[in-house]
>>> print(open('final.txt').read())   # compact mmCIF, N, CA and C atoms
# COMPACT_ATOMS: atom_id res chain seq x y z
N MET A 21 -2.70 3.27 -3.34
CA MET A 21 -1.40 3.60 -2.81
C MET A 21 -0.79 4.71 -3.65
N ARG A 22 -0.14 5.60 -2.98
CA ARG A 22 0.48 6.71 -3.71
C ARG A 22 1.92 6.37 -4.00
N SER A 23 2.22 6.03 -5.25
CA SER A 23 3.59 5.76 -5.63
C SER A 23 4.44 7.02 -5.52
N GLU A 24 3.79 8.19 -5.58
CA GLU A 24 4.54 9.44 -5.42
C GLU A 24 5.19 9.51 -4.05
N ALA A 25 4.50 9.00 -3.04
CA ALA A 25 5.06 9.02 -1.68
C ALA A 25 6.32 8.18 -1.62
N ILE A 26 6.31 7.04 -2.26
CA ILE A 26 7.49 6.18 -2.25
C ILE A 26 8.62 6.84 -3.03
N ALA A 27 8.31 7.40 -4.20
CA ALA A 27 9.35 8.05 -5.01
C ALA A 27 9.92 9.25 -4.27
N GLU A 28 9.07 10.04 -3.65
CA GLU A 28 9.55 11.21 -2.90
C GLU A 28 10.37 10.76 -1.70
N GLY A 29 9.93 9.73 -1.02
CA GLY A 29 10.65 9.22 0.14
C GLY A 29 12.01 8.66 -0.22
N ALA A 30 12.10 8.03 -1.38
CA ALA A 30 13.38 7.45 -1.82
C ALA A 30 14.42 8.54 -2.07
N ALA A 31 13.96 9.74 -2.37
CA ALA A 31 14.89 10.84 -2.64
C ALA A 31 15.37 11.51 -1.35
N ARG A 32 14.83 11.12 -0.22
CA ARG A 32 15.21 11.73 1.06
C ARG A 32 16.61 11.29 1.46
N GLN A 33 17.16 12.02 2.40
CA GLN A 33 18.54 11.80 2.81
C GLN A 33 18.73 10.65 3.79
N THR A 34 17.70 10.32 4.55
CA THR A 34 17.88 9.30 5.59
C THR A 34 16.91 8.14 5.41
N LYS A 35 17.29 7.00 5.96
CA LYS A 35 16.41 5.82 5.95
C LYS A 35 15.15 6.10 6.75
N LYS A 36 15.30 6.87 7.84
CA LYS A 36 14.15 7.17 8.69
C LYS A 36 13.10 7.94 7.90
N GLU A 37 13.52 8.93 7.12
CA GLU A 37 12.58 9.70 6.30
C GLU A 37 11.92 8.81 5.25
N PHE A 38 12.70 7.97 4.59
CA PHE A 38 12.16 7.07 3.58
C PHE A 38 11.14 6.11 4.21
N THR A 39 11.49 5.58 5.37
CA THR A 39 10.58 4.67 6.08
C THR A 39 9.27 5.37 6.40
N ASN A 40 9.34 6.62 6.79
CA ASN A 40 8.13 7.38 7.09
C ASN A 40 7.24 7.48 5.85
N TYR A 41 7.84 7.74 4.70
CA TYR A 41 7.07 7.82 3.46
C TYR A 41 6.47 6.46 3.09
N LEU A 42 7.16 5.39 3.40
CA LEU A 42 6.61 4.05 3.15
C LEU A 42 5.39 3.80 4.02
N HIS A 43 5.44 4.28 5.25
CA HIS A 43 4.27 4.16 6.14
C HIS A 43 3.10 4.98 5.60
N ILE A 44 3.39 6.13 5.03
CA ILE A 44 2.34 6.95 4.40
C ILE A 44 1.72 6.18 3.23
N ALA A 45 2.55 5.53 2.43
CA ALA A 45 2.06 4.74 1.30
C ALA A 45 1.17 3.61 1.79
N GLN A 46 1.55 2.98 2.91
CA GLN A 46 0.70 1.92 3.47
C GLN A 46 -0.65 2.48 3.92
N GLY A 47 -0.64 3.67 4.48
CA GLY A 47 -1.90 4.30 4.88
C GLY A 47 -2.78 4.57 3.67
N SER A 48 -2.18 5.02 2.59
CA SER A 48 -2.93 5.26 1.36
C SER A 48 -3.50 3.95 0.81
N LEU A 49 -2.74 2.89 0.91
CA LEU A 49 -3.21 1.58 0.46
C LEU A 49 -4.40 1.13 1.29
N SER A 50 -4.36 1.40 2.58
CA SER A 50 -5.47 1.05 3.46
C SER A 50 -6.72 1.83 3.09
N GLU A 51 -6.55 3.10 2.76
CA GLU A 51 -7.70 3.91 2.31
C GLU A 51 -8.28 3.34 1.02
N LEU A 52 -7.42 2.94 0.10
CA LEU A 52 -7.88 2.35 -1.15
C LEU A 52 -8.65 1.06 -0.88
N ASP A 53 -8.16 0.26 0.04
CA ASP A 53 -8.83 -0.98 0.41
C ASP A 53 -10.26 -0.70 0.88
N THR A 54 -10.42 0.33 1.69
CA THR A 54 -11.74 0.70 2.18
C THR A 54 -12.65 1.11 1.03
N GLN A 55 -12.14 1.92 0.11
CA GLN A 55 -12.94 2.38 -1.01
C GLN A 55 -13.35 1.24 -1.93
N ILE A 56 -12.45 0.30 -2.15
CA ILE A 56 -12.76 -0.85 -3.01
C ILE A 56 -13.81 -1.74 -2.34
N GLU A 57 -13.69 -1.92 -1.03
CA GLU A 57 -14.69 -2.71 -0.31
C GLU A 57 -16.07 -2.05 -0.39
N LEU A 58 -16.10 -0.73 -0.23
CA LEU A 58 -17.38 -0.02 -0.35
C LEU A 58 -17.96 -0.17 -1.75
N ALA A 59 -17.12 -0.06 -2.76
CA ALA A 59 -17.59 -0.21 -4.14
C ALA A 59 -18.19 -1.60 -4.35
N ARG A 60 -17.57 -2.62 -3.77
CA ARG A 60 -18.10 -3.98 -3.89
C ARG A 60 -19.45 -4.10 -3.19
N ARG A 61 -19.52 -3.59 -1.96
CA ARG A 61 -20.77 -3.70 -1.19
C ARG A 61 -21.91 -2.92 -1.83
N LEU A 62 -21.60 -1.83 -2.50
CA LEU A 62 -22.63 -1.03 -3.14
C LEU A 62 -22.97 -1.52 -4.55
N GLY A 63 -22.29 -2.56 -5.01
CA GLY A 63 -22.60 -3.16 -6.29
C GLY A 63 -21.91 -2.53 -7.49
N PHE A 64 -20.94 -1.66 -7.25
CA PHE A 64 -20.21 -1.04 -8.35
C PHE A 64 -19.03 -1.91 -8.82
N LEU A 65 -18.72 -2.93 -8.05
CA LEU A 65 -17.58 -3.80 -8.36
C LEU A 65 -18.00 -5.23 -8.10
N ASP A 66 -17.83 -6.09 -9.10
CA ASP A 66 -18.22 -7.49 -8.92
C ASP A 66 -17.19 -8.21 -8.05
N ASP A 67 -17.60 -9.36 -7.52
CA ASP A 67 -16.76 -10.09 -6.58
C ASP A 67 -15.42 -10.53 -7.18
N GLU A 68 -15.43 -10.92 -8.44
CA GLU A 68 -14.18 -11.38 -9.07
C GLU A 68 -13.19 -10.22 -9.22
N SER A 69 -13.67 -9.08 -9.64
CA SER A 69 -12.79 -7.91 -9.76
C SER A 69 -12.26 -7.50 -8.39
N TRP A 70 -13.14 -7.55 -7.39
CA TRP A 70 -12.72 -7.23 -6.03
C TRP A 70 -11.63 -8.20 -5.57
N ARG A 71 -11.81 -9.48 -5.84
CA ARG A 71 -10.83 -10.49 -5.42
C ARG A 71 -9.47 -10.21 -6.05
N ILE A 72 -9.46 -9.89 -7.33
CA ILE A 72 -8.19 -9.60 -8.02
C ILE A 72 -7.52 -8.37 -7.41
N LEU A 73 -8.29 -7.31 -7.21
CA LEU A 73 -7.73 -6.10 -6.61
C LEU A 73 -7.24 -6.35 -5.19
N ASP A 74 -8.00 -7.11 -4.43
CA ASP A 74 -7.61 -7.42 -3.06
C ASP A 74 -6.28 -8.18 -3.03
N GLN A 75 -6.13 -9.16 -3.90
CA GLN A 75 -4.87 -9.91 -3.97
C GLN A 75 -3.70 -9.00 -4.31
N ARG A 76 -3.91 -8.07 -5.21
CA ARG A 76 -2.84 -7.13 -5.59
C ARG A 76 -2.48 -6.22 -4.43
N MET A 77 -3.50 -5.76 -3.71
CA MET A 77 -3.23 -4.89 -2.56
C MET A 77 -2.48 -5.63 -1.46
N VAL A 78 -2.84 -6.88 -1.23
CA VAL A 78 -2.12 -7.68 -0.24
C VAL A 78 -0.66 -7.82 -0.65
N ARG A 79 -0.42 -8.09 -1.92
CA ARG A 79 0.95 -8.22 -2.43
C ARG A 79 1.74 -6.92 -2.26
N ILE A 80 1.12 -5.81 -2.62
CA ILE A 80 1.79 -4.51 -2.48
C ILE A 80 2.10 -4.23 -1.02
N ASP A 81 1.15 -4.52 -0.13
CA ASP A 81 1.38 -4.29 1.29
C ASP A 81 2.55 -5.13 1.80
N LYS A 82 2.63 -6.37 1.34
CA LYS A 82 3.76 -7.23 1.74
C LYS A 82 5.09 -6.67 1.24
N LEU A 83 5.10 -6.16 0.02
CA LEU A 83 6.32 -5.58 -0.52
C LEU A 83 6.76 -4.35 0.28
N ILE A 84 5.81 -3.48 0.58
CA ILE A 84 6.14 -2.29 1.36
C ILE A 84 6.60 -2.68 2.76
N SER A 85 5.89 -3.62 3.38
CA SER A 85 6.28 -4.08 4.72
C SER A 85 7.68 -4.68 4.71
N GLY A 86 7.99 -5.46 3.69
CA GLY A 86 9.32 -6.05 3.57
C GLY A 86 10.40 -5.00 3.43
N LEU A 87 10.11 -3.96 2.67
CA LEU A 87 11.08 -2.88 2.50
C LEU A 87 11.27 -2.11 3.81
N ILE A 88 10.18 -1.86 4.52
CA ILE A 88 10.28 -1.19 5.83
C ILE A 88 11.12 -2.04 6.78
N HIS A 89 10.84 -3.33 6.82
CA HIS A 89 11.59 -4.23 7.69
C HIS A 89 13.07 -4.22 7.33
N HIS A 90 13.36 -4.26 6.06
CA HIS A 90 14.76 -4.25 5.59
C HIS A 90 15.46 -2.94 6.01
N LEU A 91 14.79 -1.83 5.82
CA LEU A 91 15.39 -0.54 6.15
C LEU A 91 15.62 -0.38 7.65
N THR A 92 14.73 -0.91 8.45
CA THR A 92 14.88 -0.76 9.90
C THR A 92 15.93 -1.70 10.47
N ARG A 93 16.29 -2.73 9.72
CA ARG A 93 17.34 -3.66 10.17
C ARG A 93 18.72 -3.15 9.85
N LEU A 94 18.83 -2.25 8.87
CA LEU A 94 20.14 -1.76 8.44
C LEU A 94 20.79 -0.87 9.48
>>> encode(input="final.txt", output="structure tokens")
Amino acid sequence: MRSEAIAEGAARQTKKEFTNYLHIAQGSLSELDTQIELARRLGFLDDESWRILDQRMVRIDKLISGLIHHLTRL
């Protein structure tokens, strides 16, 4: 996930722009998920490390989703 996207989005003038940057961050997180899964399948990452990273990515995705939901309700 690109934290730069979130930081840059937070500096924008509107909630709509910030929300767009949050969606970009979610896309980056999805790309990272794919790369980590490939690393596991190719044997570069053990299952325990993959599990820890996967749990963290799920948590981050939930946080971003919650923020998007909050912003769209305002």
>>> atom_distance(input="final.txt", atom1="atom N of Trp70 in chain A", atom2="atom N of Ser85 in chain A")
22.2 Å
>>> atom_distance(input="final.txt", atom1="atom N of Gln75 in chain A", atom2="atom N of Gln55 in chain A")
13.2 Å
>>> residues_around(input="final.txt", residues="His89 in chain A", least_positions_apart="2", cutoff="12 Å", atoms="only C-alpha atoms", output="ChimeraX atom specification")
/A:35-36,39,42-43,82-87,91-94
>>> select_by_dssp(input="final.txt", residues="chain A", states="alpha helix (DSSP H)", output="PyMOL selection string")
chain A and resi 23-30+35-61+67-93
>>> atom_distance(input="final.txt", atom1="atom N of Ser50 in chain A", atom2="CA of His90 in chain A")
20.2 Å
>>> residues_around(input="final.txt", residues="Leu73 in chain A", least_positions_apart="6", cutoff="8 Å", atoms="all atoms listed in the file", output="PyMOL selection string")
chain A and resi 53+67+79
>>> residues_near_point(input="final.txt", point="(-18.7, -2.9, -2.0)", cutoff="12 Å", atoms="only C-alpha atoms", output="mmCIF file with N, CA and C atoms, keeping the file's coordinate frame")
data_model
loop_
_atom_site.group_PDB
_atom_site.id
_atom_site.type_symbol
_atom_site.label_atom_id
_atom_site.label_comp_id
_atom_site.auth_asym_id
_atom_site.auth_seq_id
_atom_site.Cartn_x
_atom_site.Cartn_y
_atom_site.Cartn_z
ATOM 1 N N ASP A 53 -8.160 0.260 0.040
ATOM 2 C CA ASP A 53 -8.830 -0.980 0.410
ATOM 3 C C ASP A 53 -10.260 -0.700 0.880
ATOM 4 N N THR A 54 -10.420 0.330 1.690
ATOM 5 C CA THR A 54 -11.740 0.700 2.180
ATOM 6 C C THR A 54 -12.650 1.110 1.030
ATOM 7 N N GLN A 55 -12.140 1.920 0.110
ATOM 8 C CA GLN A 55 -12.940 2.380 -1.010
ATOM 9 C C GLN A 55 -13.350 1.240 -1.930
ATOM 10 N N ILE A 56 -12.450 0.300 -2.150
ATOM 11 C CA ILE A 56 -12.760 -0.850 -3.010
ATOM 12 C C ILE A 56 -13.810 -1.740 -2.340
ATOM 13 N N GLU A 57 -13.690 -1.920 -1.030
ATOM 14 C CA GLU A 57 -14.690 -2.710 -0.310
ATOM 15 C C GLU A 57 -16.070 -2.050 -0.390
ATOM 16 N N LEU A 58 -16.100 -0.730 -0.230
ATOM 17 C CA LEU A 58 -17.380 -0.020 -0.350
ATOM 18 C C LEU A 58 -17.960 -0.170 -1.750
ATOM 19 N N ALA A 59 -17.120 -0.060 -2.760
ATOM 20 C CA ALA A 59 -17.590 -0.210 -4.140
ATOM 21 C C ALA A 59 -18.190 -1.600 -4.350
ATOM 22 N N ARG A 60 -17.570 -2.620 -3.770
ATOM 23 C CA ARG A 60 -18.100 -3.980 -3.890
ATOM 24 C C ARG A 60 -19.450 -4.100 -3.190
ATOM 25 N N ARG A 61 -19.520 -3.590 -1.960
ATOM 26 C CA ARG A 61 -20.770 -3.700 -1.190
ATOM 27 C C ARG A 61 -21.910 -2.920 -1.830
ATOM 28 N N LEU A 62 -21.600 -1.830 -2.500
ATOM 29 C CA LEU A 62 -22.630 -1.030 -3.140
ATOM 30 C C LEU A 62 -22.970 -1.520 -4.550
ATOM 31 N N GLY A 63 -22.290 -2.560 -5.010
ATOM 32 C CA GLY A 63 -22.600 -3.160 -6.290
ATOM 33 C C GLY A 63 -21.910 -2.530 -7.490
ATOM 34 N N PHE A 64 -20.940 -1.660 -7.250
ATOM 35 C CA PHE A 64 -20.210 -1.040 -8.350
ATOM 36 C C PHE A 64 -19.030 -1.910 -8.820
ATOM 37 N N LEU A 65 -18.720 -2.930 -8.050
ATOM 38 C CA LEU A 65 -17.580 -3.800 -8.360
ATOM 39 C C LEU A 65 -18.000 -5.230 -8.100
ATOM 40 N N ASP A 66 -17.830 -6.090 -9.100
ATOM 41 C CA ASP A 66 -18.220 -7.490 -8.920
ATOM 42 C C ASP A 66 -17.190 -8.210 -8.050
ATOM 43 N N ASP A 67 -17.600 -9.360 -7.520
ATOM 44 C CA ASP A 67 -16.760 -10.090 -6.580
ATOM 45 C C ASP A 67 -15.420 -10.530 -7.180
ATOM 46 N N GLU A 68 -15.430 -10.920 -8.440
ATOM 47 C CA GLU A 68 -14.180 -11.380 -9.070
ATOM 48 C C GLU A 68 -13.190 -10.220 -9.220
ATOM 49 N N SER A 69 -13.670 -9.080 -9.640
ATOM 50 C CA SER A 69 -12.790 -7.910 -9.760
ATOM 51 C C SER A 69 -12.260 -7.500 -8.390
ATOM 52 N N TRP A 70 -13.140 -7.550 -7.390
ATOM 53 C CA TRP A 70 -12.720 -7.230 -6.030
ATOM 54 C C TRP A 70 -11.630 -8.200 -5.570
ATOM 55 N N ARG A 71 -11.810 -9.480 -5.840
ATOM 56 C CA ARG A 71 -10.830 -10.490 -5.420
ATOM 57 C C ARG A 71 -9.470 -10.210 -6.050
#
